[in-house]
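Asker: My structure is stored as coords_0.cif, with mmCIF, C-alpha atoms and all ligand atoms.
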```cif
data_input
loop_
_atom_site.group_PDB
_atom_site.id
_atom_site.type_symbol
_atom_site.label_atom_id
_atom_site.label_comp_id
_atom_site.auth_asym_id
_atom_site.auth_seq_id
_atom_site.Cartn_x
_atom_site.Cartn_y
_atom_site.Cartn_z
ATOM 1 C CA MET A 1 18.129 21.787 17.359
ATOM 2 C CA ASN A 2 15.986 19.487 15.202
ATOM 3 C CA ASP A 3 13.101 21.948 15.388
ATOM 4 C CA SER A 4 14.945 24.601 13.454
ATOM 5 C CA ILE A 5 16.042 22.122 10.764
ATOM 6 C CA ILE A 6 12.470 20.804 10.509
ATOM 7 C CA ALA A 7 11.199 24.365 10.047
ATOM 8 C CA LEU A 8 13.662 24.968 7.189
ATOM 9 C CA LEU A 9 12.821 21.676 5.484
ATOM 10 C CA ASN A 10 9.127 22.450 5.792
ATOM 11 C CA GLN A 11 9.722 25.752 3.991
ATOM 12 C CA ASP A 12 11.396 23.714 1.258
ATOM 13 C CA ILE A 13 8.447 21.307 1.086
ATOM 14 C CA GLU A 14 6.022 24.210 0.705
ATOM 15 C CA GLY A 15 8.133 25.533 -2.170
ATOM 16 C CA GLU A 16 8.153 22.117 -3.868
ATOM 17 C CA HIS A 17 4.389 21.823 -3.433
ATOM 18 C CA ALA A 18 3.874 25.232 -5.082
ATOM 19 C CA ALA A 19 6.232 24.341 -7.935
ATOM 20 C CA ILE A 20 4.436 21.041 -8.612
ATOM 21 C CA ILE A 21 1.004 22.660 -8.923
ATOM 22 C CA GLN A 22 2.335 25.660 -10.868
ATOM 23 C CA TYR A 23 4.114 23.455 -13.408
ATOM 24 C CA LEU A 24 1.183 21.045 -13.771
ATOM 25 C CA THR A 25 -1.173 23.998 -14.291
ATOM 26 C CA HIS A 26 1.078 25.171 -17.127
ATOM 27 C CA ALA A 27 1.527 21.728 -18.657
ATOM 28 C CA TYR A 28 -2.247 21.101 -18.743
ATOM 29 C CA ALA A 29 -2.944 24.580 -20.117
ATOM 30 C CA MET A 30 -0.742 24.119 -23.195
ATOM 31 C CA GLY A 31 -2.267 20.763 -24.166
ATOM 32 C CA GLU A 32 -0.556 17.672 -25.476
ATOM 33 C CA GLY A 33 2.910 18.098 -26.891
ATOM 34 C CA GLU A 34 6.576 17.593 -26.262
ATOM 35 C CA MET A 35 6.981 20.625 -24.039
ATOM 36 C CA ALA A 36 4.011 19.732 -21.817
ATOM 37 C CA CYS A 37 5.526 16.249 -21.354
ATOM 38 C CA GLU A 38 8.871 17.703 -20.368
ATOM 39 C CA ILE A 39 7.214 20.056 -17.881
ATOM 40 C CA GLU A 40 5.266 17.170 -16.356
ATOM 41 C CA ALA A 41 8.567 15.311 -16.002
ATOM 42 C CA ILE A 42 9.987 18.287 -14.101
ATOM 43 C CA ALA A 43 6.897 18.310 -11.855
ATOM 44 C CA ARG A 44 7.563 14.624 -11.132
ATOM 45 C CA GLU A 45 11.115 15.469 -10.067
ATOM 46 C CA GLU A 46 9.691 18.089 -7.692
ATOM 47 C CA MET A 47 7.449 15.340 -6.275
ATOM 48 C CA ARG A 48 10.516 13.242 -5.546
ATOM 49 C CA HIS A 49 12.083 16.237 -3.795
ATOM 50 C CA LEU A 50 8.947 16.692 -1.710
ATOM 51 C CA ASP A 51 9.030 13.006 -0.839
ATOM 52 C CA TRP A 52 12.688 13.029 0.261
ATOM 53 C CA LEU A 53 12.145 16.167 2.345
ATOM 54 C CA ALA A 54 9.030 14.741 4.018
ATOM 55 C CA LYS A 55 10.803 11.485 4.914
ATOM 56 C CA THR A 56 13.743 13.435 6.342
ATOM 57 C CA ILE A 57 11.385 15.556 8.457
ATOM 58 C CA VAL A 58 9.700 12.441 9.855
ATOM 59 C CA GLN A 59 13.112 10.915 10.688
ATOM 60 C CA LEU A 60 13.886 14.071 12.652
ATOM 61 C CA GLY A 61 10.631 13.667 14.595
ATOM 62 C CA GLY A 62 8.724 16.363 12.718
ATOM 63 C CA VAL A 63 5.483 16.575 10.775
ATOM 64 C CA PRO A 64 5.629 17.446 7.052
ATOM 65 C CA SER A 65 3.775 20.644 6.158
ATOM 66 C CA LEU A 66 0.830 20.415 3.792
ATOM 67 C CA LYS A 67 0.815 24.124 3.073
ATOM 68 C CA ARG A 68 1.486 25.267 -0.462
ATOM 69 C CA GLY A 69 3.963 28.107 -0.939
ATOM 70 C CA ASP A 70 3.333 31.018 -3.285
ATOM 71 C CA MET A 71 2.705 30.171 -6.926
ATOM 72 C CA ARG A 72 3.218 32.324 -9.993
ATOM 73 C CA VAL A 73 0.311 31.478 -12.262
ATOM 74 C CA GLY A 74 -0.213 34.812 -14.001
ATOM 75 C CA GLY A 75 0.690 35.598 -17.621
ATOM 76 C CA LYS A 76 -1.135 35.071 -20.901
ATOM 77 C CA THR A 77 1.249 33.204 -23.163
ATOM 78 C CA VAL A 78 3.302 30.057 -22.750
ATOM 79 C CA ALA A 79 6.447 32.213 -22.850
ATOM 80 C CA ASP A 80 5.088 34.272 -19.909
ATOM 81 C CA TRP A 81 4.398 31.111 -17.926
ATOM 82 C CA MET A 82 7.824 29.698 -18.610
ATOM 83 C CA GLY A 83 9.314 32.993 -17.445
ATOM 84 C CA ASN A 84 7.374 32.551 -14.199
ATOM 85 C CA ASP A 85 8.721 29.028 -13.857
ATOM 86 C CA VAL A 86 12.268 30.363 -14.250
ATOM 87 C CA LEU A 87 11.549 32.798 -11.385
ATOM 88 C CA GLN A 88 10.106 29.958 -9.272
ATOM 89 C CA GLU A 89 13.301 27.953 -9.791
ATOM 90 C CA GLU A 90 15.453 30.977 -8.951
ATOM 91 C CA ASP A 91 13.625 31.383 -5.650
ATOM 92 C CA ALA A 92 14.099 27.692 -4.913
ATOM 93 C CA ILE A 93 17.807 27.879 -5.760
ATOM 94 C CA ALA A 94 18.329 30.868 -3.433
ATOM 95 C CA GLN A 95 16.399 29.159 -0.635
ATOM 96 C CA TYR A 96 18.279 25.845 -0.946
ATOM 97 C CA GLN A 97 21.601 27.685 -0.961
ATOM 98 C CA GLU A 98 20.605 29.455 2.276
ATOM 99 C CA HIS A 99 19.450 26.230 3.881
ATOM 100 C CA ILE A 100 22.602 24.353 2.880
ATOM 101 C CA THR A 101 24.612 27.037 4.677
ATOM 102 C CA ALA A 102 22.307 27.026 7.714
ATOM 103 C CA ILE A 103 22.193 23.246 8.253
ATOM 104 C CA ALA A 104 25.248 21.441 9.650
ATOM 105 C CA ASP A 105 24.076 17.815 9.376
ATOM 106 C CA PRO A 106 26.160 16.349 6.510
ATOM 107 C CA LYS A 107 23.456 13.950 5.322
ATOM 108 C CA ILE A 108 20.799 16.651 5.062
ATOM 109 C CA LYS A 109 23.283 19.055 3.448
ATOM 110 C CA ARG A 110 24.054 16.406 0.853
ATOM 111 C CA LEU A 111 20.357 15.855 0.136
ATOM 112 C CA LEU A 112 19.761 19.589 -0.339
ATOM 113 C CA GLN A 113 22.802 19.809 -2.632
ATOM 114 C CA ARG A 114 21.341 17.041 -4.730
ATOM 115 C CA ILE A 115 18.000 18.837 -4.961
ATOM 116 C CA LEU A 116 19.737 22.141 -5.703
ATOM 117 C CA SER A 117 21.512 20.644 -8.693
ATOM 118 C CA ASP A 118 18.122 19.519 -10.088
ATOM 119 C CA GLU A 119 16.693 23.021 -9.612
ATOM 120 C CA GLU A 120 19.619 24.524 -11.499
ATOM 121 C CA SER A 121 18.983 22.164 -14.360
ATOM 122 C CA HIS A 122 15.234 22.999 -14.294
ATOM 123 C CA ARG A 123 15.999 26.719 -14.448
ATOM 124 C CA GLY A 124 17.939 26.081 -17.669
ATOM 125 C CA ASP A 125 15.104 23.967 -19.080
ATOM 126 C CA PHE A 126 12.505 26.651 -18.389
ATOM 127 C CA ALA A 127 14.740 29.385 -19.865
ATOM 128 C CA HIS A 128 14.910 27.265 -23.011
ATOM 129 C CA PHE A 129 11.108 26.847 -22.950
ATOM 130 C CA VAL A 130 10.672 30.649 -22.861
ATOM 131 C CA GLU A 131 12.456 30.837 -26.228
ATOM 132 C CA LYS A 132 10.651 27.827 -27.622
ATOM 133 C CA GLY A 133 7.277 29.222 -26.522
ATOM 134 C CA GLN A 134 8.046 32.523 -28.228
ATOM 135 C CA LYS A 135 9.309 30.932 -31.416
ATOM 136 C CA GLN A 136 6.420 28.510 -31.746
ATOM 137 C CA GLY A 137 3.849 31.083 -30.622
ATOM 138 C CA LEU A 138 2.379 28.570 -28.159
ATOM 139 C CA LYS A 139 -0.862 29.667 -26.558
ATOM 140 C CA ASP A 140 -3.211 28.999 -23.689
ATOM 141 C CA ILE A 141 -5.649 26.359 -24.945
ATOM 142 C CA ARG A 142 -7.957 26.484 -21.913
ATOM 143 C CA GLY A 143 -11.513 27.652 -22.441
ATOM 144 C CA PRO A 144 -14.306 29.183 -20.377
ATOM 145 C CA ARG A 145 -16.549 26.107 -20.143
ATOM 146 C CA GLN A 146 -18.479 26.092 -16.864
ATOM 147 C CA ASP A 147 -21.426 23.772 -17.430
ATOM 148 C CA GLU A 148 -22.322 20.723 -15.376
ATOM 149 C CA VAL A 149 -19.628 18.560 -16.976
ATOM 150 C CA ALA A 150 -16.953 21.148 -16.187
ATOM 151 C CA GLN A 151 -18.237 21.272 -12.615
ATOM 152 C CA VAL A 152 -18.040 17.493 -12.258
ATOM 153 C CA LEU A 153 -14.464 17.545 -13.540
ATOM 154 C CA ASP A 154 -13.467 20.321 -11.148
ATOM 155 C CA TRP A 155 -15.106 18.451 -8.292
ATOM 156 C CA GLY A 156 -13.051 15.372 -9.264
ATOM 157 C CA ILE A 157 -9.827 17.353 -9.496
ATOM 158 C CA GLU A 158 -10.464 18.864 -6.071
ATOM 159 C CA HIS A 159 -11.118 15.442 -4.599
ATOM 160 C CA GLU A 160 -8.051 13.856 -6.198
ATOM 161 C CA TYR A 161 -5.744 16.651 -5.060
ATOM 162 C CA THR A 162 -7.106 16.313 -1.515
ATOM 163 C CA VAL A 163 -6.533 12.562 -1.324
ATOM 164 C CA ILE A 164 -3.074 12.787 -2.894
ATOM 165 C CA LEU A 165 -2.054 15.031 0.010
ATOM 166 C CA GLN A 166 -3.953 12.914 2.520
ATOM 167 C CA TYR A 167 -2.469 9.567 1.469
ATOM 168 C CA LEU A 168 1.033 10.996 1.219
ATOM 169 C CA PHE A 169 0.652 12.478 4.700
ATOM 170 C CA HIS A 170 -0.635 9.163 6.050
ATOM 171 C CA SER A 171 2.175 7.252 4.354
ATOM 172 C CA TYR A 172 4.733 9.525 6.023
ATOM 173 C CA MET A 173 3.136 9.346 9.482
ATOM 174 C CA THR A 174 2.174 5.676 9.856
ATOM 175 C CA PRO A 175 4.738 3.334 11.408
ATOM 176 C CA ASN A 176 2.997 0.370 9.675
ATOM 177 C CA GLU A 177 5.175 -0.520 6.659
ATOM 178 C CA HIS A 178 2.390 -2.314 4.828
ATOM 179 C CA VAL A 179 0.040 0.671 5.188
ATOM 180 C CA LYS A 180 2.869 3.021 4.170
ATOM 181 C CA LYS A 181 3.444 1.119 0.960
ATOM 182 C CA GLU A 182 -0.261 0.970 0.012
ATOM 183 C CA MET A 183 -0.791 4.667 0.809
ATOM 184 C CA GLU A 184 2.097 5.584 -1.457
ATOM 185 C CA ASP A 185 0.779 3.370 -4.231
ATOM 186 C CA GLN A 186 -2.738 4.745 -4.024
ATOM 187 C CA ALA A 187 -1.445 8.341 -3.878
ATOM 188 C CA ILE A 188 0.322 7.692 -7.201
ATOM 189 C CA ASN A 189 -2.907 6.265 -8.619
ATOM 190 C CA GLU A 190 -4.772 9.416 -7.468
ATOM 191 C CA MET A 191 -2.132 11.526 -9.265
ATOM 192 C CA GLN A 192 -3.053 9.696 -12.453
ATOM 193 C CA HIS A 193 -6.721 10.477 -11.833
ATOM 194 C CA LEU A 194 -5.945 14.156 -11.331
ATOM 195 C CA GLY A 195 -4.038 14.252 -14.617
ATOM 196 C CA TRP A 196 -6.805 12.496 -16.556
ATOM 197 C CA LEU A 197 -9.490 14.815 -15.196
ATOM 198 C CA ALA A 198 -7.457 17.975 -15.785
ATOM 199 C CA GLU A 199 -6.651 16.939 -19.365
ATOM 200 C CA GLU A 200 -10.302 16.081 -19.960
ATOM 201 C CA GLN A 201 -11.271 19.498 -18.614
ATOM 202 C CA VAL A 202 -8.895 21.259 -21.014
ATOM 203 C CA ASP A 203 -9.872 19.068 -23.992
ATOM 204 C CA GLY A 204 -13.524 19.865 -23.337
ATOM 205 C CA GLY A 205 -12.919 23.609 -23.361
ATOM 206 C CA GLY A 206 -12.658 24.224 -19.621
ATOM 207 C CA THR A 207 -10.038 25.491 -17.202
ATOM 208 C CA PRO A 208 -8.975 23.081 -14.453
ATOM 209 C CA LYS A 209 -9.067 24.576 -10.974
ATOM 210 C CA ILE A 210 -6.403 22.804 -8.934
ATOM 211 C CA GLU A 211 -7.437 23.393 -5.336
ATOM 212 C CA HIS A 212 -8.064 20.985 -2.490
ATOM 213 C CA THR A 213 -10.370 20.696 0.499
ATOM 214 C CA GLU A 214 -9.558 19.717 4.066
ATOM 215 C CA VAL A 215 -6.990 16.945 4.471
ATOM 216 C CA ASP A 216 -7.332 14.394 7.273
ATOM 217 C CA GLN A 217 -4.184 14.638 9.360
ATOM 218 C CA SER A 218 -4.721 11.716 11.733
ATOM 219 C CA THR A 219 -1.520 10.218 13.058
ATOM 220 C CA ASP A 220 -3.028 7.016 14.459
ATOM 221 C CA THR A 221 -3.017 4.352 11.712
ATOM 222 C CA ALA A 222 -6.541 3.027 12.368
ATOM 223 C CA ASP A 223 -7.927 6.594 12.392
ATOM 224 C CA MET A 224 -6.179 7.300 9.087
ATOM 225 C CA LEU A 225 -7.649 4.214 7.483
ATOM 226 C CA ARG A 226 -11.152 5.009 8.739
ATOM 227 C CA ALA A 227 -10.932 8.499 7.252
ATOM 228 C CA ASP A 228 -9.561 7.115 3.987
ATOM 229 C CA ILE A 229 -12.263 4.453 3.678
ATOM 230 C CA LYS A 230 -14.966 7.039 4.337
ATOM 231 C CA ILE A 231 -13.678 9.369 1.625
ATOM 232 C CA GLU A 232 -13.241 6.527 -0.901
ATOM 233 C CA GLU A 233 -16.780 5.267 -0.341
ATOM 234 C CA GLU A 234 -18.200 8.754 -0.732
ATOM 235 C CA VAL A 235 -16.338 9.532 -3.935
ATOM 236 C CA ALA A 236 -16.921 6.118 -5.487
ATOM 237 C CA ALA A 237 -20.656 6.814 -5.117
ATOM 238 C CA GLU A 238 -20.225 10.321 -6.524
ATOM 239 C CA TYR A 239 -18.198 9.138 -9.543
ATOM 240 C CA ASP A 240 -20.809 6.451 -10.119
ATOM 241 C CA ARG A 241 -23.602 9.024 -10.113
ATOM 242 C CA ALA A 242 -21.630 11.329 -12.428
ATOM 243 C CA ALA A 243 -20.757 8.483 -14.826
ATOM 244 C CA LYS A 244 -24.429 7.570 -15.161
ATOM 245 C CA LYS A 245 -25.449 11.161 -15.756
ATOM 246 C CA VAL A 246 -22.958 12.293 -18.415
ATOM 247 C CA GLU A 247 -23.873 11.673 -22.040
ATOM 248 C CA GLU A 248 -20.494 11.735 -23.718
ATOM 249 C CA SER A 249 -19.159 8.170 -23.956
ATOM 250 C CA GLY A 250 -15.443 8.937 -23.514
ATOM 251 C CA LEU A 251 -16.126 10.863 -20.325
ATOM 252 C CA LYS A 252 -18.529 8.180 -19.095
ATOM 253 C CA GLU A 253 -15.788 5.590 -19.559
ATOM 254 C CA LEU A 254 -13.238 7.751 -17.760
ATOM 255 C CA LEU A 255 -15.485 8.346 -14.753
ATOM 256 C CA THR A 256 -16.400 4.659 -14.602
ATOM 257 C CA ARG A 257 -12.749 3.659 -14.654
ATOM 258 C CA ILE A 258 -11.904 6.093 -11.859
ATOM 259 C CA ARG A 259 -14.931 4.842 -9.880
ATOM 260 C CA ASP A 260 -13.619 1.274 -10.157
ATOM 261 C CA HIS A 261 -10.239 2.383 -8.826
ATOM 262 C CA GLU A 262 -11.879 4.140 -5.875
ATOM 263 C CA VAL A 263 -13.873 1.003 -5.035
ATOM 264 C CA TYR A 264 -10.586 -0.913 -5.123
ATOM 265 C CA HIS A 265 -8.946 1.665 -2.822
ATOM 266 C CA ALA A 266 -11.799 1.371 -0.316
ATOM 267 C CA ASP A 267 -11.389 -2.433 -0.299
ATOM 268 C CA VAL A 268 -7.614 -2.280 0.143
ATOM 269 C CA PHE A 269 -7.963 0.191 3.016
ATOM 270 C CA SER A 270 -10.701 -1.916 4.645
ATOM 271 C CA ASP A 271 -8.423 -4.976 4.660
ATOM 272 C CA LEU A 272 -5.612 -2.917 6.139
ATOM 273 C CA LEU A 273 -7.933 -1.591 8.838
ATOM 274 C CA LYS A 274 -8.917 -5.168 9.782
ATOM 275 C CA GLU A 275 -5.241 -6.129 10.073
ATOM 276 C CA GLU A 276 -4.487 -3.030 12.079
ATOM 277 C CA GLU A 277 -7.392 -3.654 14.473
ATOM 278 C CA GLN A 278 -6.300 -7.270 15.006
ATOM 279 C CA GLN A 279 -2.768 -6.187 15.841
ATOM 280 C CA SER A 280 -3.800 -3.666 18.457
HETATM 281 FE FE FE A 301 12.419 20.762 -6.336
HETATM 282 FE FE FE A 302 -9.035 8.992 -7.376
HETATM 283 FE FE FE A 303 -9.135 6.603 -4.345
#
```
Starting from the coordinates I provided, produce the structure as structure tokens.

Answerer:
Amino acid sequence: MNDSIIALLNQDIEGEHAAIIQYLTHAYAMGEGEMACEIEAIAREEMRHLDWLAKTIVQLGGVPSLKRGDMRVGGKTVADWMGNDVLQEEDAIAQYQEHITAIADPKIKRLLQRILSDEESHRGDFAHFVEKGQKQGLKDIRGPRQDEVAQVLDWGIEHEYTVILQYLFHSYMTPNEHVKKEMEDQAINEMQHLGWLAEEQVDGGGTPKIEHTEVDQSTDTADMLRADIKIEEEVAAEYDRAAKKVEESGLKELLTRIRDHEVYHADVFSDLLKEEEQQS
């Protein structure tokens, strides 16, 4: 019984994941401005949806999916992109309506209804953005930059996206409340890093590539922490090397700041691992 509900909710998670990355891609590509801010706010609402769905799946004894559903990232103008976001919302609306009918559990039904009402509101927002994009003639401000700096930024984006997924997954799967809380906190911090790096990429004339590498899916808390410490130590060293190498002072500062955060993350996770090892 639970298995079929878990499967439906995992489809919903994959749709939310796709929407988040699609909307962020669009927000970064149009540069600073009111509309980009509003789109980022919508992406944050999709993150909350993903979070509620993942927690529900874990309560049902399932494992949240880390797969990303299909994205619509084609189109040349902001109006085209916003049209694609309308279509993404329409797919989500149809899928939530189906799942609300298919699931009998009143609590889960209520949650999906709540999410559905957000998606309906988002569809209206994006329809409005299609008009606004046309009227204002908003364009793609991304460039073709592919030098060493652009490569460092893409490497950083790839790393940040990977650890966001990894820490969220670990926060959902660990029974240790303290670890759960820290994982959530650090995942939010990694989201900030991703945003900074993507904006820096666009400002510098590049095109952010938002893809991730393999995510550690340990379910034992000590194993999770060991994997997380290892990745933090590796990337802190990499950010340090990159910060020393780049010439531009703003970028140097950014990479140094991120490095300091990663060192902090490694320390927090190391303390948690000590606690966890003492308990077991
Ligand atoms: Fe959503
Ligand atoms: Fe980070
Ligand atoms: Fe980190």

Asker: Could you list, as an mmCIF file with C-alpha atoms, in the coordinates of the input, all the residues within 10 Å of ligand FE 301 (chain A), counting all atoms listed in the file?

Answerer:
```cif
data_model
loop_
_atom_site.group_PDB
_atom_site.id
_atom_site.type_symbol
_atom_site.label_atom_id
_atom_site.label_comp_id
_atom_site.auth_asym_id
_atom_site.auth_seq_id
_atom_site.Cartn_x
_atom_site.Cartn_y
_atom_site.Cartn_z
ATOM 1 C CA ASP A 12 11.396 23.714 1.258
ATOM 2 C CA ILE A 13 8.447 21.307 1.086
ATOM 3 C CA GLY A 15 8.133 25.533 -2.170
ATOM 4 C CA GLU A 16 8.153 22.117 -3.868
ATOM 5 C CA HIS A 17 4.389 21.823 -3.433
ATOM 6 C CA ALA A 18 3.874 25.232 -5.082
ATOM 7 C CA ALA A 19 6.232 24.341 -7.935
ATOM 8 C CA ILE A 20 4.436 21.041 -8.612
ATOM 9 C CA ILE A 42 9.987 18.287 -14.101
ATOM 10 C CA ALA A 43 6.897 18.310 -11.855
ATOM 11 C CA ARG A 44 7.563 14.624 -11.132
ATOM 12 C CA GLU A 45 11.115 15.469 -10.067
ATOM 13 C CA GLU A 46 9.691 18.089 -7.692
ATOM 14 C CA MET A 47 7.449 15.340 -6.275
ATOM 15 C CA ARG A 48 10.516 13.242 -5.546
ATOM 16 C CA HIS A 49 12.083 16.237 -3.795
ATOM 17 C CA LEU A 50 8.947 16.692 -1.710
ATOM 18 C CA LEU A 53 12.145 16.167 2.345
ATOM 19 C CA GLN A 88 10.106 29.958 -9.272
ATOM 20 C CA GLU A 89 13.301 27.953 -9.791
ATOM 21 C CA ALA A 92 14.099 27.692 -4.913
ATOM 22 C CA ILE A 93 17.807 27.879 -5.760
ATOM 23 C CA TYR A 96 18.279 25.845 -0.946
ATOM 24 C CA LEU A 112 19.761 19.589 -0.339
ATOM 25 C CA ARG A 114 21.341 17.041 -4.730
ATOM 26 C CA ILE A 115 18.000 18.837 -4.961
ATOM 27 C CA LEU A 116 19.737 22.141 -5.703
ATOM 28 C CA SER A 117 21.512 20.644 -8.693
ATOM 29 C CA ASP A 118 18.122 19.519 -10.088
ATOM 30 C CA GLU A 119 16.693 23.021 -9.612
ATOM 31 C CA GLU A 120 19.619 24.524 -11.499
ATOM 32 C CA HIS A 122 15.234 22.999 -14.294
#
```

Asker: Using all atoms of region 36-44 of chain A that appear in the file, construct an axis-aligned enclosing box with 5 Å of padding on every side and provide its centre coordinates and edge lengths in Å, rounded to one decimal, as lines of an AutoDock Vina configuration file.

Answerer:
```
center_x = 7.0
center_y = 17.3
center_z = -16.5
size_x = 16.0
size_y = 15.4
size_z = 20.7
```

Asker: Quick one: distance from CA of Ala242 (chain A) to CA of Lys230 (chain A) in Å, one decimal?

Answerer: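 Computing the Euclidean distance for CA of Ala242 (chain A) and CA of Lys230 (chain A) yields 18.5 Å.
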
Asker: Could you check which of A:Asp216, A:Gln186, A:Val268, A:Asp51 is closest to ligand FE 302 (chain A), using all atoms listed in the file?

Answerer: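 Comparing A:Asp216, A:Gln186, A:Val268, A:Asp51 against ligand FE 302 (chain A), the winner is A:Gln186.
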
Asker: With all atoms listed in the file counted, collect every polymer residue having an atom within 9 Å of ligand FE 303 (chain A); state the result as an MDAnalysis selection string.

Answerer: chainID A and resid 160 163:164 186:187 189:190 193 228:229 231:233 235:236 258:259 261:266

Asker: Residues as selected, C-alpha atoms, written as a JSON list (two decimals), in the frame of the given file, can you do that?

Answerer:
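Okay, this is what ended up in selection-v5.json:
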```json
[["chain", "number", "residue", "atom", "x", "y", "z"],
["A", 160, "GLU", "CA", -8.05, 13.86, -6.20],
["A", 163, "VAL", "CA", -6.53, 12.56, -1.32],
["A", 164, "ILE", "CA", -3.07, 12.79, -2.89],
["A", 186, "GLN", "CA", -2.74, 4.74, -4.02],
["A", 187, "ALA", "CA", -1.44, 8.34, -3.88],
["A", 189, "ASN", "CA", -2.91, 6.26, -8.62],
["A", 190, "GLU", "CA", -4.77, 9.42, -7.47],
["A", 193, "HIS", "CA", -6.72, 10.48, -11.83],
["A", 228, "ASP", "CA", -9.56, 7.12, 3.99],
["A", 229, "ILE", "CA", -12.26, 4.45, 3.68],
["A", 231, "ILE", "CA", -13.68, 9.37, 1.62],
["A", 232, "GLU", "CA", -13.24, 6.53, -0.90],
["A", 233, "GLU", "CA", -16.78, 5.27, -0.34],
["A", 235, "VAL", "CA", -16.34, 9.53, -3.94],
["A", 236, "ALA", "CA", -16.92, 6.12, -5.49],
["A", 258, "ILE", "CA", -11.90, 6.09, -11.86],
["A", 259, "ARG", "CA", -14.93, 4.84, -9.88],
["A", 261, "HIS", "CA", -10.24, 2.38, -8.83],
["A", 262, "GLU", "CA", -11.88, 4.14, -5.88],
["A", 263, "VAL", "CA", -13.87, 1.00, -5.04],
["A", 264, "TYR", "CA", -10.59, -0.91, -5.12],
["A", 265, "HIS", "CA", -8.95, 1.66, -2.82],
["A", 266, "ALA", "CA", -11.80, 1.37, -0.32]]
```
